[in-house]
Amino acid sequence: MTASNQLRWIIGSVLLLLVFLAHFIIRDDYLKDQASKQTERIEVYRTALNATLSRHDYLPVVLSQNDALFDMAYNDPNTASKTLESIRSASQADFVFILRPDGMTIASSNWQDAKNSFVGNNYGFRPYFTQARQQGNGTFFGIGATTSIPGYFVSSRYPDSGPVKAVTVVKVNSSSLDKNWNSGDEDVFVSDKNGVIVLSSNTDWRYKTLAMLSDAQRLEIKEQQQFGKESLPLLERNYDSHNSSLVTIQGTRYLETTADMGKMDWKMHYLAPYSVVRDQLVSFWSKAIILGLIGLAALLLIRMINARNALLDSQGESTKLRELNQSLEHEIIERKQVESALRKAEIDLRRTSKLTAMGQLSASITHELGQPLAAMRTYIASMRQSNASQLQDKTLDKLTALVERMISITQQLRYFARSGDKEVRRIDLLDIIDGALNITQPAIQENEVTLELKHPKQPVYVIAGSVRMEQVLVNLIRNALDAMRDNTEGSPRRLLILLEENEYHAVLTVEDSGTGLSEEAITLLYEPFYSTKPSGVGMGLGLAISANIIAEIEGNIRAENKPEGGARFIVTLNRQKSA
Ligand code: ADP
């Protein structure tokens with residue numbers, strides 16, 4: 001069983017338990033309600049019965065005051081009986097009769113009833129007689145020994161005091177006592193001191209007993225002829241074990257209320273069928289179930305609506321997600337396409353720029369070397385034709401100069417030829433300056449340039465390739481010489497080579513007093529093949545190569561114009577402290 005199932009079980013059981021509890025609480029409530037209604041009803045019955053029973057209590061007492069009536073009963077019984085007949089009629093009693101002290105009837109209102117007349121009958125065995133003789137008054141309920149009509153007897157002795165001369169009895173038929181009881185669902189009965197039902201709305205229960213009669217009780221009843229030939233069987237009753245007011249009689253369940261009559265130890269029983277309460281309970285639970293079902297339906301509806309909304313929401317969200325995903329995928333594809341296009345463009349660009357560079361380079365080389373080679377061919381041809389050794393010498397000098405130029409051009413191209421050789425080591429910049437000056441010294445002198453050299457006394461170390469560093473410096477010196485070539489007499493040709501060092505850097509400066517840098521030159525200085533020089537003098541590779549070399553050893557090269565005229569190139573390198 002899963003946890004959620006277990007929870008459902010627990011909730012279900014608790015709910016069931018609550019319903020049971022509610023049922024019993026409500027039932028108890030209805031029972032109490034019904035019981036209090038019954039108490040009211042039984043009081044109505046009790047009062048009415050008491051009133052009916054007492055209605056004739058006065059009669060025997062009043063009659064006992066009438067001496068003349070008793071004289072008449074002894075001396076002229078028929079006239080006395082007649083009188084009793086009219087008294088009965090006036091009082092609405094059923095029988096009025098007078099007994100002698102031995103119990104023999106001497107006068108009776110029914111004296112003319114040939115079959116049932118009480119006159120001449122002895123009722124000495126009846127308790128109403130004995131009670132009246134002994135206590136003055138008596139009451140009794142029993143089935144008529146003569147008439148077989150059940151009734152209530154009330155008696156009184158005559159006279160009040162002294163020896164008993166007679167007993168007056170009035171009888172009221174029981175049918176007039178319980179005749180109005182049979183109404184609706186309710187049942188009412190009265191049991192006497194022995195538990196015999198004497199009055200009952202249900203005739204079937206009459207003369208049944210609520211408890212087994214003892215032998216003594218049966219004997220007494222027999223002697224008093226109280227219930228004639230009635231066998232007085234037990235009325236089967238079963239009381240609810242939990243609620244003593246719930247009783248089942250002959251298959252029907254009743255709610256019983258009892259009250260003492262206050263007369264002759266009588267007890268009144270009021271019974272309403274339990275179905276009254278059951279109907280109320282059924283009606284309550286029907287309403288509760290209907291309400292519950294409505295609530296459940298509402299709950300289900302709400303849940304359904306919620307679930308539908310959630311579904312719609314999630315559908316909306318998943319649609320959004322799907323759209324987002326699609327657009328992302330789209331973007332990725334586009335991105336990949338752009339990337340591949342870019343890569344292709346880059347490859348193309350590289351290929352074309354390589355080709356362009358090669359084209360430019362080969363055009364420059366062809367151009368630079370083509371001119372001196374053509375000149376050389378002319379000189380050699382003219383040498384073949386002339387025999388003059390003087391002329392030959394001159395031509396050889398020119399040829400030598402052309403070869404020199406070609407060497408210098410090819411020297412520029414060394415960088416490319418040795419591009420694989422990038423070996424660096426610790427070098428002294430003073431050595432580099434020496435080397436560069438060795439190469440450029442003839443040109444410096446030839447151009448009548450004043451050289452100023454400033455440097456520290458101790459070596460200044462950097463990590464670099466010595467041939468390459470020398471090439472940089474040679475380039476800078478040559479450029480400076482070129483820039484000063486056109487200087488007129490007023491502007492002396494001055495070249496300054498300055499080496500300085502601080503804690504971290506070695507700074508090499510080359511200054512001239514030449515033309516200075518044009519604005520265009522400052523931006524294009526390090527572009528390959530940028531040159532302002534006439535063909536045969538510059539290929540526009542010097543600074544491009546130099547900047548590359550400096551960048552390779554993480555140095556920096558910059559150019560500026562001096563305020564007083566001329567250009568200044570400053571190379572800054574990481575200084576290697578002497579060990
Ligand atoms: P090239 O010397 O072959 O022309 P460079 O790359 O060395 O090539 O120089 C490029 C250009 O920079 C030169 O043509 C020149 O116009 C300018 N330039 C370089 N150095 C100087 C300088 N010291 N003074 C003035 N212009 C210079």
# chains A, B, ... in the order shown; residues from 1 in each chain; ligands from 1

call {"tool": "residues_near_ligand", "arguments": {"ligand": "ligand 1", "cutoff": "8 Å", "atoms": "only C-alpha atoms and all ligand atoms", "output": "ChimeraX atom specification"}}
result
/A:475-484,511-512,514-518,521-522,524-533,537-545,566-569

call {"tool": "residues_around", "arguments": {"residues": "Ile42 (chain A)", "least_positions_apart": "5", "cutoff": "9 Å", "atoms": "only C-alpha atoms", "output": "ChimeraX atom specification"}}
result
/A:37,47,188,257-259,268-270

call {"tool": "write_last_selection", "arguments": {"atoms": "N, CA and C atoms", "output": "PDB file, in the first residue's frame"}}
result
ATOM      1  N   LYS A  37     -41.440  15.579  24.742  1.00  0.00           N
ATOM      2  CA  LYS A  37     -42.790  15.680  24.153  1.00  0.00           C
ATOM      3  C   LYS A  37     -43.705  14.675  24.840  1.00  0.00           C
ATOM      4  N   THR A  47     -53.806  13.537  33.754  1.00  0.00           N
ATOM      5  CA  THR A  47     -54.745  14.491  34.349  1.00  0.00           C
ATOM      6  C   THR A  47     -56.181  14.145  33.952  1.00  0.00           C
ATOM      7  N   VAL A 188     -51.326   4.236  24.840  1.00  0.00           N
ATOM      8  CA  VAL A 188     -51.316   4.533  26.272  1.00  0.00           C
ATOM      9  C   VAL A 188     -51.931   3.340  26.993  1.00  0.00           C
ATOM     10  N   THR A 257     -42.600   6.258  28.017  1.00  0.00           N
ATOM     11  CA  THR A 257     -42.524   7.193  29.144  1.00  0.00           C
ATOM     12  C   THR A 257     -43.560   6.728  30.165  1.00  0.00           C
ATOM     13  N   THR A 258     -43.165   6.732  31.435  1.00  0.00           N
ATOM     14  CA  THR A 258     -44.121   6.258  32.463  1.00  0.00           C
ATOM     15  C   THR A 258     -44.369   7.358  33.498  1.00  0.00           C
ATOM     16  N   ALA A 259     -45.509   7.292  34.124  1.00  0.00           N
ATOM     17  CA  ALA A 259     -45.835   8.252  35.190  1.00  0.00           C
ATOM     18  C   ALA A 259     -46.745   7.572  36.200  1.00  0.00           C
ATOM     19  N   MET A 268     -49.048   4.840  34.613  1.00  0.00           N
ATOM     20  CA  MET A 268     -49.453   5.082  33.231  1.00  0.00           C
ATOM     21  C   MET A 268     -48.239   4.943  32.322  1.00  0.00           C
ATOM     22  N   HIS A 269     -48.416   4.319  31.154  1.00  0.00           N
ATOM     23  CA  HIS A 269     -47.329   4.126  30.175  1.00  0.00           C
ATOM     24  C   HIS A 269     -47.729   4.812  28.876  1.00  0.00           C
ATOM     25  N   TYR A 270     -46.847   5.624  28.399  1.00  0.00           N
ATOM     26  CA  TYR A 270     -47.105   6.298  27.120  1.00  0.00           C
ATOM     27  C   TYR A 270     -46.065   5.792  26.119  1.00  0.00           C
TER      28      TYR A 270
END

call {"tool": "residues_around", "arguments": {"residues": "Ile106 (chain A)", "least_positions_apart": "4", "cutoff": "10 Å", "atoms": "only C-alpha atoms", "output": "PyMOL selection string"}}
result
chain A and resi 70+73-78+80-81+97-100+111+118-122+166

call {"tool": "select_by_dssp", "arguments": {"residues": "region 107-213 of chain A", "states": "strand (DSSP E or B)", "output": "ChimeraX atom specification"}}
result
/A:107-108,122,137-143,150-158,166-173,187-191,196-200,209

call {"tool": "closest_residue", "arguments": {"among": "A:Arg206, A:Arg253, A:Lys32, A:Arg405", "to": "Ala272 (chain A)", "atoms": "only C-alpha atoms"}}
result
A:Arg253

call {"tool": "residues_around", "arguments": {"residues": "Arg558 (chain A)", "least_positions_apart": "2", "cutoff": "9 Å", "atoms": "only C-alpha atoms", "output": "list in words"}}
result
Ala547, Asn556, Glu560, Arg568, Phe569, Ile570, Val571 and Thr572 of chain A

call {"tool": "atom_distance", "arguments": {"atom1": "CA of Ala107 (chain A)", "atom2": "CA of Val169 (chain A)"}}
result
10.6 Å

call {"tool": "residues_around", "arguments": {"residues": "Gln34 (chain A)", "least_positions_apart": "4", "cutoff": "9 Å", "atoms": "only C-alpha atoms", "output": "number ranges by chain"}}
result
A: 29-30, 38-39, 255, 272, 276-277

call {"tool": "write_last_selection", "arguments": {"atoms": "N, CA, C and O atoms", "output": "tab-separated table (two decimals), in the first residue's frame"}}
result
chain	number	residue	atom	x	y	z
A	29	ASP	N	-30.25	13.23	20.69
A	29	ASP	CA	-30.90	14.53	20.72
A	29	ASP	C	-32.38	14.38	20.39
A	29	ASP	O	-33.24	14.89	21.10
A	30	TYR	N	-32.64	13.65	19.29
A	30	TYR	CA	-34.03	13.44	18.88
A	30	TYR	C	-34.79	12.66	19.94
A	30	TYR	O	-35.96	12.93	20.21
A	38	GLN	N	-43.17	13.44	25.04
A	38	GLN	CA	-43.98	12.38	25.64
A	38	GLN	C	-44.36	12.72	27.07
A	38	GLN	O	-45.45	12.38	27.52
A	39	THR	N	-43.43	13.36	27.79
A	39	THR	CA	-43.73	13.74	29.17
A	39	THR	C	-44.93	14.69	29.19
A	39	THR	O	-45.81	14.58	30.06
A	255	LEU	N	-40.75	4.15	22.09
A	255	LEU	CA	-40.08	4.96	23.09
A	255	LEU	C	-41.10	5.14	24.21
A	255	LEU	O	-42.20	5.64	23.98
A	272	ALA	N	-44.62	5.90	22.10
A	272	ALA	CA	-44.65	6.42	20.71
A	272	ALA	C	-43.74	5.53	19.90
A	272	ALA	O	-42.68	5.14	20.38
A	276	VAL	N	-40.94	7.38	14.71
A	276	VAL	CA	-41.00	8.85	14.72
A	276	VAL	C	-39.59	9.42	14.71
A	276	VAL	O	-39.25	10.28	13.89
A	277	VAL	N	-38.77	8.88	15.64
A	277	VAL	CA	-37.38	9.34	15.72
A	277	VAL	C	-36.61	8.91	14.48
A	277	VAL	O	-35.83	9.68	13.90
